[in-house]
file final.txt (compact mmCIF, C-alpha atoms)
# COMPACT_ATOMS: atom_id res chain seq x y z
CA MET A 1 29.58 25.42 -4.61
CA ASP A 2 29.17 21.99 -6.17
CA LEU A 3 25.56 20.97 -5.55
CA GLN A 4 24.31 17.71 -7.04
CA PRO A 5 21.19 15.54 -6.82
CA ILE A 6 21.99 12.18 -5.26
CA SER A 7 18.62 10.43 -5.51
CA GLN A 8 16.97 9.45 -8.76
CA ILE A 9 13.51 9.35 -7.24
CA SER A 10 11.47 12.50 -6.71
CA SER A 11 9.50 12.86 -3.48
CA ASP A 12 6.14 14.58 -3.27
CA LEU A 13 7.17 16.03 0.09
CA GLY A 14 10.70 15.02 1.07
CA GLU A 15 11.45 15.79 4.72
CA GLY A 16 13.05 14.43 7.90
CA PRO A 17 16.63 13.95 6.67
CA LEU A 18 18.87 11.61 8.68
CA TYR A 19 22.44 10.49 7.99
CA HIS A 20 23.36 7.46 10.08
CA HIS A 21 26.15 4.87 9.77
CA GLY A 22 26.83 5.68 6.12
CA TYR A 23 23.21 5.62 5.02
CA PHE A 24 20.91 8.55 4.31
CA TYR A 25 17.24 8.34 5.25
CA TRP A 26 14.36 10.64 4.46
CA VAL A 27 10.57 10.61 4.57
CA ASP A 28 8.05 11.41 1.85
CA ILE A 29 5.11 12.69 3.87
CA ILE A 30 2.60 12.85 1.02
CA GLY A 31 3.89 9.65 -0.58
CA LYS A 32 3.71 7.91 2.85
CA LYS A 33 7.16 6.37 2.48
CA ILE A 34 10.53 6.26 4.20
CA ASN A 35 13.51 5.86 1.87
CA LYS A 36 17.05 4.69 2.54
CA LEU A 37 19.95 5.70 0.28
CA SER A 38 23.00 3.42 0.40
CA PRO A 39 26.57 4.58 -0.32
CA ASP A 40 26.39 3.03 -3.80
CA GLY A 41 23.37 5.19 -4.68
CA GLN A 42 20.69 2.53 -4.38
CA VAL A 43 17.38 3.60 -2.84
CA THR A 44 15.31 1.19 -0.74
CA CYS A 45 11.84 1.92 0.60
CA ILE A 46 11.87 0.78 4.24
CA TYR A 47 8.32 1.88 5.06
CA GLU A 48 5.17 2.38 3.02
CA GLY A 49 1.83 2.48 4.75
CA ASP A 50 -1.51 4.12 5.33
CA LYS A 51 -0.14 6.70 7.77
CA ALA A 52 2.22 9.45 6.69
CA PRO A 53 5.72 9.38 8.24
CA THR A 54 7.06 12.79 9.26
CA SER A 55 10.44 12.26 10.95
CA ILE A 56 13.00 9.54 11.66
CA VAL A 57 15.74 9.19 14.31
CA PRO A 58 18.23 6.48 15.30
CA GLY A 59 17.85 4.52 18.52
CA SER A 60 20.61 3.79 21.03
CA LYS A 61 20.41 0.04 20.30
CA GLY A 62 20.60 0.25 16.51
CA GLU A 63 16.87 0.52 15.85
CA LEU A 64 15.00 3.35 14.14
CA PHE A 65 12.22 5.44 15.64
CA ILE A 66 9.77 7.52 13.64
CA THR A 67 6.80 9.79 13.95
CA LEU A 68 3.80 8.94 11.88
CA GLU A 69 1.08 11.51 11.52
CA ASP A 70 -0.58 10.43 14.79
CA GLY A 71 2.24 9.50 17.18
CA PHE A 72 5.67 8.08 18.03
CA TYR A 73 6.65 4.62 16.75
CA LYS A 74 9.49 2.13 16.65
CA LEU A 75 10.17 0.77 13.17
CA THR A 76 10.22 -3.06 13.32
CA GLU A 77 10.32 -5.88 10.78
CA ASN A 78 6.58 -6.24 11.28
CA GLY A 79 5.89 -2.55 10.77
CA PRO A 80 5.59 0.45 13.09
CA GLU A 81 5.03 -0.28 16.78
CA ASN A 82 3.50 2.53 18.86
CA VAL A 83 5.79 3.93 21.57
CA GLY A 84 4.30 5.70 24.57
CA SER A 85 0.64 6.09 25.36
CA PHE A 86 -0.01 9.25 23.33
CA LYS A 87 -1.79 9.39 19.97
CA ILE A 88 -3.39 12.33 18.19
CA ASN A 89 -7.15 11.88 17.99
CA ASP A 90 -7.87 15.11 16.10
CA SER A 91 -8.10 14.54 12.34
CA LEU A 92 -7.25 18.20 11.73
CA VAL A 93 -3.83 17.91 13.41
CA ARG A 94 -0.78 15.80 12.52
CA PHE A 95 2.84 15.40 13.54
CA ASN A 96 5.51 17.16 11.49
CA ASP A 97 9.27 17.62 11.99
CA GLY A 98 11.21 15.96 14.81
CA LYS A 99 14.65 14.93 16.06
CA CYS A 100 16.50 13.89 19.20
CA ASP A 101 18.35 16.14 21.62
CA PRO A 102 21.80 15.18 23.02
CA ASN A 103 20.15 13.70 26.14
CA GLY A 104 18.29 11.11 24.08
CA ASN A 105 14.85 12.72 24.09
CA TYR A 106 12.81 12.58 20.86
CA TRP A 107 11.20 15.98 20.16
CA ALA A 108 8.45 16.19 17.55
CA GLY A 109 5.93 18.93 16.86
CA THR A 110 2.42 18.88 15.52
CA MET A 111 0.61 21.18 13.12
CA ASP A 112 -2.80 22.27 11.99
CA ARG A 113 -3.32 20.51 8.66
CA ALA A 114 -4.93 23.65 7.22
CA GLU A 115 -1.94 25.71 8.46
CA LEU A 116 -4.27 28.34 9.91
CA LYS A 117 -4.95 27.64 13.59
CA PHE A 118 -2.57 27.42 16.54
CA LYS A 119 -3.61 23.89 17.50
CA GLY A 120 -0.15 22.31 17.46
CA SER A 121 2.33 21.51 20.22
CA MET A 122 5.89 20.34 20.74
CA TYR A 123 5.96 16.90 22.36
CA VAL A 124 8.97 15.15 23.87
CA LEU A 125 9.19 11.36 24.05
CA GLN A 126 11.63 10.61 26.87
CA PRO A 127 13.78 7.45 27.17
CA ASP A 128 11.38 6.03 29.79
CA LYS A 129 8.63 6.33 27.12
CA SER A 130 6.82 9.13 28.97
CA ILE A 131 5.64 12.04 26.82
CA VAL A 132 5.73 15.72 27.76
CA ASN A 133 3.97 18.61 26.02
CA ILE A 134 6.73 21.19 26.31
CA LEU A 135 5.25 23.92 24.10
CA ALA A 136 1.68 24.66 22.98
CA GLY A 137 -0.02 27.17 20.68
CA VAL A 138 1.88 26.19 17.52
CA CYS A 139 0.53 26.47 13.97
CA VAL A 140 3.07 24.55 11.84
CA SER A 141 5.83 23.05 13.96
CA ASN A 142 8.98 22.75 11.88
CA GLY A 143 12.78 23.07 12.16
CA LEU A 144 14.42 22.43 15.52
CA CYS A 145 17.92 22.10 16.94
CA TRP A 146 20.00 22.86 20.01
CA LYS A 147 23.16 24.74 20.81
CA ASP A 148 25.91 22.20 21.50
CA ASP A 149 25.76 22.81 25.27
CA MET A 150 21.93 22.53 25.15
CA SER A 151 21.54 25.96 26.75
CA THR A 152 19.52 27.21 23.76
CA PHE A 153 16.73 25.62 21.74
CA TYR A 154 16.17 26.97 18.22
CA TYR A 155 12.74 26.52 16.72
CA ILE A 156 10.55 27.37 13.75
CA ASP A 157 6.78 27.77 13.58
CA SER A 158 6.69 28.29 9.81
CA PRO A 159 3.85 30.85 9.43
CA SER A 160 5.68 33.20 11.84
CA LYS A 161 8.53 33.38 9.27
CA LYS A 162 10.96 33.53 12.20
CA ILE A 163 13.68 31.50 13.84
CA LYS A 164 12.99 31.68 17.55
CA ALA A 165 15.38 30.91 20.40
CA TYR A 166 14.53 29.74 23.90
CA ASP A 167 16.65 29.29 26.98
CA PHE A 168 16.49 25.58 27.76
CA ASP A 169 16.69 24.03 31.20
CA SER A 170 17.42 20.45 30.12
CA GLU A 171 17.30 19.03 33.65
CA ASN A 172 13.72 20.19 34.22
CA MET A 173 12.65 20.21 30.55
CA VAL A 174 11.59 23.87 30.63
CA LEU A 175 11.74 26.47 27.84
CA SER A 176 11.87 30.19 28.67
CA ASN A 177 12.91 33.63 27.39
CA LYS A 178 11.48 33.27 23.87
CA ARG A 179 12.99 35.70 21.36
CA SER A 180 13.29 36.09 17.59
CA ILE A 181 16.77 35.82 16.12
CA TYR A 182 15.97 35.95 12.41
CA GLN A 183 12.95 36.88 10.30
CA LEU A 184 12.19 36.31 6.63
CA ASN A 185 10.64 39.23 4.76
CA GLU A 186 10.16 37.81 1.26
CA ALA A 187 6.54 37.32 0.27
CA ASN A 188 5.39 33.67 0.21
CA VAL A 189 8.77 32.35 1.41
CA PHE A 190 8.71 30.36 4.65
CA PRO A 191 11.33 28.79 6.95
CA ASP A 192 11.14 25.00 7.01
CA GLY A 193 13.65 22.44 8.34
CA MET A 194 16.87 23.42 10.10
CA THR A 195 20.16 22.08 11.46
CA ILE A 196 23.18 23.49 13.28
CA ASP A 197 26.91 23.29 12.52
CA MET A 198 29.90 23.05 14.85
CA GLU A 199 30.42 26.81 14.65
CA GLY A 200 26.94 27.38 16.06
CA ASN A 201 25.41 28.67 12.83
CA LEU A 202 21.94 27.57 11.69
CA TRP A 203 21.27 26.07 8.26
CA LEU A 204 17.71 26.82 7.21
CA ALA A 205 15.73 25.38 4.27
CA LEU A 206 13.42 27.88 2.56
CA TRP A 207 10.03 26.73 1.26
CA ASN A 208 9.42 28.68 -1.97
CA GLY A 209 12.90 30.15 -1.50
CA TYR A 210 15.04 28.00 -3.86
CA SER A 211 17.79 27.83 -1.25
CA VAL A 212 19.29 26.91 2.08
CA ILE A 213 20.63 29.85 4.05
CA CYS A 214 23.14 29.88 6.90
CA VAL A 215 22.18 32.21 9.74
CA ASN A 216 24.53 33.42 12.47
CA PRO A 217 22.33 33.53 15.59
CA GLU A 218 24.65 35.97 17.33
CA THR A 219 24.50 38.63 14.59
CA ASN A 220 21.04 37.65 13.22
CA SER A 221 22.49 37.73 9.72
CA VAL A 222 22.83 35.42 6.70
CA VAL A 223 26.45 34.41 6.22
CA GLN A 224 26.09 31.89 3.38
CA THR A 225 23.51 30.80 0.78
CA ILE A 226 23.23 27.53 -1.14
CA ASP A 227 21.08 27.93 -4.23
CA VAL A 228 18.93 24.88 -4.99
CA PRO A 229 17.25 24.26 -8.39
CA CYS A 230 13.88 23.67 -6.79
CA ALA A 231 11.36 26.07 -5.26
CA LYS A 232 10.29 24.05 -2.24
CA VAL A 233 13.40 23.29 -0.20
CA THR A 234 12.28 21.48 2.93
CA SER A 235 15.09 20.46 5.27
CA CYS A 236 18.77 19.60 5.67
CA CYS A 237 21.21 17.68 7.82
CA PHE A 238 24.94 17.06 7.92
CA GLY A 239 26.42 13.74 6.87
CA GLY A 240 29.38 12.05 5.26
CA GLU A 241 32.36 10.36 6.89
CA VAL A 242 33.39 13.52 8.80
CA PHE A 243 30.02 15.29 8.58
CA ASP A 244 31.25 17.88 6.10
CA GLU A 245 28.40 17.26 3.64
CA LEU A 246 24.99 18.93 3.76
CA TYR A 247 22.11 16.72 2.61
CA ILE A 248 19.09 18.71 1.40
CA THR A 249 15.53 17.44 0.91
CA THR A 250 12.99 19.06 -1.41
CA SER A 251 9.37 18.79 -2.52
CA SER A 252 7.61 18.50 -5.87
CA LYS A 253 4.21 19.34 -4.39
CA ASP A 254 1.86 21.30 -6.67
CA MET A 255 4.32 21.38 -9.58
CA THR A 256 2.90 22.43 -12.95
CA ALA A 257 4.10 21.11 -16.31
CA GLU A 258 5.98 24.39 -16.81
CA ASP A 259 7.58 24.05 -13.38
CA TRP A 260 8.84 20.57 -14.26
CA LYS A 261 10.45 21.93 -17.44
CA LYS A 262 12.33 24.59 -15.45
CA TYR A 263 13.18 22.50 -12.39
CA PRO A 264 13.32 18.80 -13.38
CA ASP A 265 15.19 17.78 -10.21
CA SER A 266 12.45 18.98 -7.87
CA GLY A 267 11.68 16.53 -5.09
CA LYS A 268 15.15 14.98 -5.16
CA VAL A 269 17.79 14.91 -2.44
CA PHE A 270 20.80 17.15 -3.01
CA LYS A 271 24.27 17.18 -1.48
CA ALA A 272 26.75 20.02 -1.04
CA LYS A 273 29.98 20.72 0.84
CA PRO A 274 29.48 24.07 2.58
CA GLY A 275 32.95 24.25 4.14
CA VAL A 276 31.91 23.56 7.73
CA LEU A 277 31.34 20.50 9.87
CA GLY A 278 28.09 19.37 11.45
CA PHE A 279 27.13 16.92 14.18
CA PRO A 280 26.05 13.27 13.98
CA ALA A 281 22.38 12.68 14.71
CA ASP A 282 21.60 12.22 18.39
CA LYS A 283 20.02 8.89 19.34
CA PHE A 284 16.77 8.22 21.15
CA GLY A 285 17.46 6.66 24.54
CA GLY A 286 20.81 8.34 25.04
call {"tool": "encode", "arguments": {"input": "final.txt", "output": "structure tokens"}}
result
Amino acid sequence: MDLQPISQISSDLGEGPLYHHGYFYWVDIIGKKINKLSPDGQVTCIYEGDKAPTSIVPGSKGELFITLEDGFYKLTENGPENVGSFKINDSLVRFNDGKCDPNGNYWAGTMDRAELKFKGSMYVLQPDKSIVNILAGVCVSNGLCWKDDMSTFYYIDSPSKKIKAYDFDSENMVLSNKRSIYQLNEANVFPDGMTIDMEGNLWLALWNGYSVICVNPETNSVVQTIDVPCAKVTSCCFGGEVFDELYITTSSKDMTAEDWKKYPDSGKVFKAKPGVLGFPADKFGG
């Protein structure tokens, strides 16, 4: 498979990939930036601040919404504007991965900064700006996506090394029947960000795993692997004109001089064509 880096800049902790209207966006959590890649390959920083951004989603009216480390925000010309009444007031907890469901709700999870305690939750910012805590007792909230009919919610709490599935009652915003559909067994390799394709398979980025794997949730098996020349592969999303391209974010965190010699493209964004189609990003607000 033809895999190529498409960004010249290297992120400390690239995450939160979003393809929207021909542009690709991603966050650098450690670098405290949000970057925008245009079709001609130019990168523009659209946010740089004191608070770390962790995810980014499109809005129904053309705006962008983000999570910073302490809450939900709308990205405006004057900077981030807090949305909803909720903010994290615990310095040991921060937001992490997030995205919108097909009903226009913005889901974003929190994590224990030390990655040891189960202090995190999954919060949902609804179109009326109310916020629901839909799942508690999380250590490192990470990849999330839904089956196309929204009957199933797929979710990753990274230290568990599992992809979990829940039955999802979207009308009442209730998760139930938690079960494990895939587990990693490699030492020091952890599941990170995740997306779903039109065939219902899950594309999972592997931190310390040098790859993105495709998991069939019906057979609990890996059906495809994309090797990435970087240890810390963080997330992925579909993009391109017909959403046949997989955009992959990576991290250069804790790289040694020897690591840089072996993997000089670490921290960059990569693009591949895996032979399947994905979905456009759902918008906040419906």
call {"tool": "closest_residue", "arguments": {"input": "final.txt", "among": "A:Phe279, A:Trp26, A:Phe118, A:Trp207", "to": "Gly240 (chain A)", "atoms": "all atoms listed in the file"}}
result
A:Phe279
call {"tool": "residues_around", "arguments": {"input": "final.txt", "residues": "region 246-253 of chain A", "least_positions_apart": "5", "cutoff": "7 Å", "atoms": "only C-alpha atoms", "output": "PyMOL selection string"}}
result
chain A and resi 11-15+17+232-239+266-274
call {"tool": "write_last_selection", "arguments": {"input": "final.txt", "atoms": "C-alpha atoms", "output": "PDB file, keeping the file's coordinate frame"}}
result
ATOM      1  CA  SER A  11       9.500  12.860  -3.480  1.00  0.00           C
ATOM      2  CA  ASP A  12       6.140  14.580  -3.270  1.00  0.00           C
ATOM      3  CA  LEU A  13       7.170  16.030   0.090  1.00  0.00           C
ATOM      4  CA  GLY A  14      10.700  15.020   1.070  1.00  0.00           C
ATOM      5  CA  GLU A  15      11.450  15.790   4.720  1.00  0.00           C
ATOM      6  CA  PRO A  17      16.630  13.950   6.670  1.00  0.00           C
ATOM      7  CA  LYS A 232      10.290  24.050  -2.240  1.00  0.00           C
ATOM      8  CA  VAL A 233      13.400  23.290  -0.200  1.00  0.00           C
ATOM      9  CA  THR A 234      12.280  21.480   2.930  1.00  0.00           C
ATOM     10  CA  SER A 235      15.090  20.460   5.270  1.00  0.00           C
ATOM     11  CA  CYS A 236      18.770  19.600   5.670  1.00  0.00           C
ATOM     12  CA  CYS A 237      21.210  17.680   7.820  1.00  0.00           C
ATOM     13  CA  PHE A 238      24.940  17.060   7.920  1.00  0.00           C
ATOM     14  CA  GLY A 239      26.420  13.740   6.870  1.00  0.00           C
ATOM     15  CA  SER A 266      12.450  18.980  -7.870  1.00  0.00           C
ATOM     16  CA  GLY A 267      11.680  16.530  -5.090  1.00  0.00           C
ATOM     17  CA  LYS A 268      15.150  14.980  -5.160  1.00  0.00           C
ATOM     18  CA  VAL A 269      17.790  14.910  -2.440  1.00  0.00           C
ATOM     19  CA  PHE A 270      20.800  17.150  -3.010  1.00  0.00           C
ATOM     20  CA  LYS A 271      24.270  17.180  -1.480  1.00  0.00           C
ATOM     21  CA  ALA A 272      26.750  20.020  -1.040  1.00  0.00           C
ATOM     22  CA  LYS A 273      29.980  20.720   0.840  1.00  0.00           C
ATOM     23  CA  PRO A 274      29.480  24.070   2.580  1.00  0.00           C
TER      24      PRO A 274
END
call {"tool": "residues_around", "arguments": {"input": "final.txt", "residues": "region 130-132 of chain A", "least_positions_apart": "6", "cutoff": "7 Å", "atoms": "only C-alpha atoms", "output": "PyMOL selection string"}}
result
chain A and resi 84+123-124
call {"tool": "closest_residue", "arguments": {"input": "final.txt", "among": "A:Asp128, A:Asp70, A:Glu81, A:Glu48", "to": "Gly285 (chain A)", "atoms": "all atoms listed in the file"}}
result
A:Asp128
call {"tool": "residues_near_point", "arguments": {"input": "final.txt", "point": "(-3.6, 14.0, 18.2)", "cutoff": "10 Å", "atoms": "only C-alpha atoms", "output": "MDAnalysis selection string"}}
result
chainID A and resid 69:71 86:95 110:111 119:121
call {"tool": "write_last_selection", "arguments": {"input": "final.txt", "atoms": "C-alpha atoms", "output": "CSV table (one decimal), in the coordinates of the input"}}
result
chain,number,residue,atom,x,y,z
A,69,GLU,CA,1.1,11.5,11.5
A,70,ASP,CA,-0.6,10.4,14.8
A,71,GLY,CA,2.2,9.5,17.2
A,86,PHE,CA,0.0,9.2,23.3
A,87,LYS,CA,-1.8,9.4,20.0
A,88,ILE,CA,-3.4,12.3,18.2
A,89,ASN,CA,-7.2,11.9,18.0
A,90,ASP,CA,-7.9,15.1,16.1
A,91,SER,CA,-8.1,14.5,12.3
A,92,LEU,CA,-7.2,18.2,11.7
A,93,VAL,CA,-3.8,17.9,13.4
A,94,ARG,CA,-0.8,15.8,12.5
A,95,PHE,CA,2.8,15.4,13.5
A,110,THR,CA,2.4,18.9,15.5
A,111,MET,CA,0.6,21.2,13.1
A,119,LYS,CA,-3.6,23.9,17.5
A,120,GLY,CA,-0.2,22.3,17.5
A,121,SER,CA,2.3,21.5,20.2
call {"tool": "atom_distance", "arguments": {"input": "final.txt", "atom1": "CA of Asp101 (chain A)", "atom2": "CA of Ala281 (chain A)"}}
result
8.7 Å
call {"tool": "closest_residue", "arguments": {"input": "final.txt", "among": "A:Asn82, A:Gln224, A:Asn96, A:Asn201", "to": "Pro53 (chain A)", "atoms": "all atoms listed in the file"}}
result
A:Asn96
call {"tool": "residues_around", "arguments": {"input": "final.txt", "residues": "Leu184 (chain A)", "least_positions_apart": "4", "cutoff": "10 Å", "atoms": "all atoms listed in the file", "output": "PyMOL selection string"}}
result
chain A and resi 160-163+188-191+206
call {"tool": "residues_around", "arguments": {"input": "final.txt", "residues": "Gly16 (chain A)", "least_positions_apart": "4", "cutoff": "7 Å", "atoms": "all atoms listed in the file", "output": "list in words"}}
result
Trp26, Val27, Thr54, Ser55, Ile56, Asp97 and Ser235 of chain A
call {"tool": "write_last_selection", "arguments": {"input": "final.txt", "atoms": "C-alpha atoms", "output": "tab-separated table (two decimals), in the frame of the given file"}}
result
chain	number	residue	atom	x	y	z
A	26	TRP	CA	14.36	10.64	4.46
A	27	VAL	CA	10.57	10.61	4.57
A	54	THR	CA	7.06	12.79	9.26
A	55	SER	CA	10.44	12.26	10.95
A	56	ILE	CA	13.00	9.54	11.66
A	97	ASP	CA	9.27	17.62	11.99
A	235	SER	CA	15.09	20.46	5.27
call {"tool": "atom_distance", "arguments": {"input": "final.txt", "atom1": "CA of Trp146 (chain A)", "atom2": "CA of Glu63 (chain A)"}}
result
22.9 Å
call {"tool": "closest_residue", "arguments": {"input": "final.txt", "among": "A:Ser141, A:Met173, A:Asp2, A:Ile30", "to": "Gly275 (chain A)", "atoms": "only C-alpha atoms"}}
result
A:Asp2
call {"tool": "build_atoms", "arguments": {"input": "final.txt", "residues": "region 183-207 of chain A", "atoms": "N, CA and C atoms", "output": "mmCIF file, keeping the file's coordinate frame"}}
result
data_model
loop_
_atom_site.group_PDB
_atom_site.id
_atom_site.type_symbol
_atom_site.label_atom_id
_atom_site.label_comp_id
_atom_site.auth_asym_id
_atom_site.auth_seq_id
_atom_site.Cartn_x
_atom_site.Cartn_y
_atom_site.Cartn_z
ATOM 1 N N GLN A 183 14.271 36.840 10.925
ATOM 2 C CA GLN A 183 12.950 36.880 10.300
ATOM 3 C C GLN A 183 13.080 37.008 8.800
ATOM 4 N N LEU A 184 12.274 36.223 8.080
ATOM 5 C CA LEU A 184 12.190 36.310 6.630
ATOM 6 C C LEU A 184 11.201 37.404 6.248
ATOM 7 N N ASN A 185 11.527 38.153 5.208
ATOM 8 C CA ASN A 185 10.640 39.230 4.760
ATOM 9 C C ASN A 185 10.101 39.034 3.360
ATOM 10 N N GLU A 186 10.630 38.043 2.623
ATOM 11 C CA GLU A 186 10.160 37.810 1.260
ATOM 12 C C GLU A 186 8.741 37.265 1.272
ATOM 13 N N ALA A 187 7.923 37.779 0.368
ATOM 14 C CA ALA A 187 6.540 37.320 0.270
ATOM 15 C C ALA A 187 6.491 35.851 -0.139
ATOM 16 N N ASN A 188 5.653 35.072 0.537
ATOM 17 C CA ASN A 188 5.390 33.670 0.210
ATOM 18 C C ASN A 188 6.607 32.761 0.354
ATOM 19 N N VAL A 189 7.616 33.189 1.096
ATOM 20 C CA VAL A 189 8.770 32.350 1.410
ATOM 21 C C VAL A 189 8.742 32.053 2.898
ATOM 22 N N PHE A 190 8.880 30.756 3.253
ATOM 23 C CA PHE A 190 8.710 30.360 4.650
ATOM 24 C C PHE A 190 9.884 29.504 5.128
ATOM 25 N N PRO A 191 10.283 29.654 6.381
ATOM 26 C CA PRO A 191 11.330 28.790 6.950
ATOM 27 C C PRO A 191 10.777 27.392 7.168
ATOM 28 N N ASP A 192 11.583 26.392 6.876
ATOM 29 C CA ASP A 192 11.140 25.000 7.010
ATOM 30 C C ASP A 192 12.086 24.261 7.950
ATOM 31 N N GLY A 193 12.768 23.209 7.478
ATOM 32 C CA GLY A 193 13.650 22.440 8.340
ATOM 33 C C GLY A 193 14.968 23.151 8.610
ATOM 34 N N MET A 194 15.686 22.690 9.653
ATOM 35 C CA MET A 194 16.870 23.420 10.100
ATOM 36 C C MET A 194 17.839 22.470 10.798
ATOM 37 N N THR A 195 19.140 22.795 10.697
ATOM 38 C CA THR A 195 20.160 22.080 11.460
ATOM 39 C C THR A 195 21.217 23.082 11.911
ATOM 40 N N ILE A 196 22.158 22.617 12.723
ATOM 41 C CA ILE A 196 23.180 23.490 13.280
ATOM 42 C C ILE A 196 24.555 22.908 12.987
ATOM 43 N N ASP A 197 25.558 23.767 12.765
ATOM 44 C CA ASP A 197 26.910 23.290 12.520
ATOM 45 C C ASP A 197 27.780 23.473 13.766
ATOM 46 N N MET A 198 29.013 23.022 13.685
ATOM 47 C CA MET A 198 29.900 23.050 14.850
ATOM 48 C C MET A 198 30.332 24.465 15.224
ATOM 49 N N GLU A 199 30.114 25.422 14.336
ATOM 50 C CA GLU A 199 30.420 26.810 14.650
ATOM 51 C C GLU A 199 29.236 27.526 15.291
ATOM 52 N N GLY A 200 28.120 26.816 15.426
ATOM 53 C CA GLY A 200 26.940 27.380 16.060
ATOM 54 C C GLY A 200 26.012 28.109 15.114
ATOM 55 N N ASN A 201 26.282 28.032 13.813
ATOM 56 C CA ASN A 201 25.410 28.670 12.830
ATOM 57 C C ASN A 201 24.279 27.723 12.415
ATOM 58 N N LEU A 202 23.160 28.311 12.014
ATOM 59 C CA LEU A 202 21.940 27.570 11.690
ATOM 60 C C LEU A 202 21.767 27.488 10.175
ATOM 61 N N TRP A 203 21.501 26.289 9.689
ATOM 62 C CA TRP A 203 21.270 26.070 8.260
ATOM 63 C C TRP A 203 19.784 25.835 8.050
ATOM 64 N N LEU A 204 19.165 26.732 7.297
ATOM 65 C CA LEU A 204 17.710 26.820 7.210
ATOM 66 C C LEU A 204 17.223 26.619 5.778
ATOM 67 N N ALA A 205 16.346 25.629 5.577
ATOM 68 C CA ALA A 205 15.730 25.380 4.270
ATOM 69 C C ALA A 205 14.565 26.345 4.067
ATOM 70 N N LEU A 206 14.448 26.884 2.859
ATOM 71 C CA LEU A 206 13.420 27.880 2.560
ATOM 72 C C LEU A 206 12.378 27.319 1.581
ATOM 73 N N TRP A 207 11.166 27.138 2.096
ATOM 74 C CA TRP A 207 10.030 26.730 1.260
ATOM 75 C C TRP A 207 9.657 27.894 0.357
#
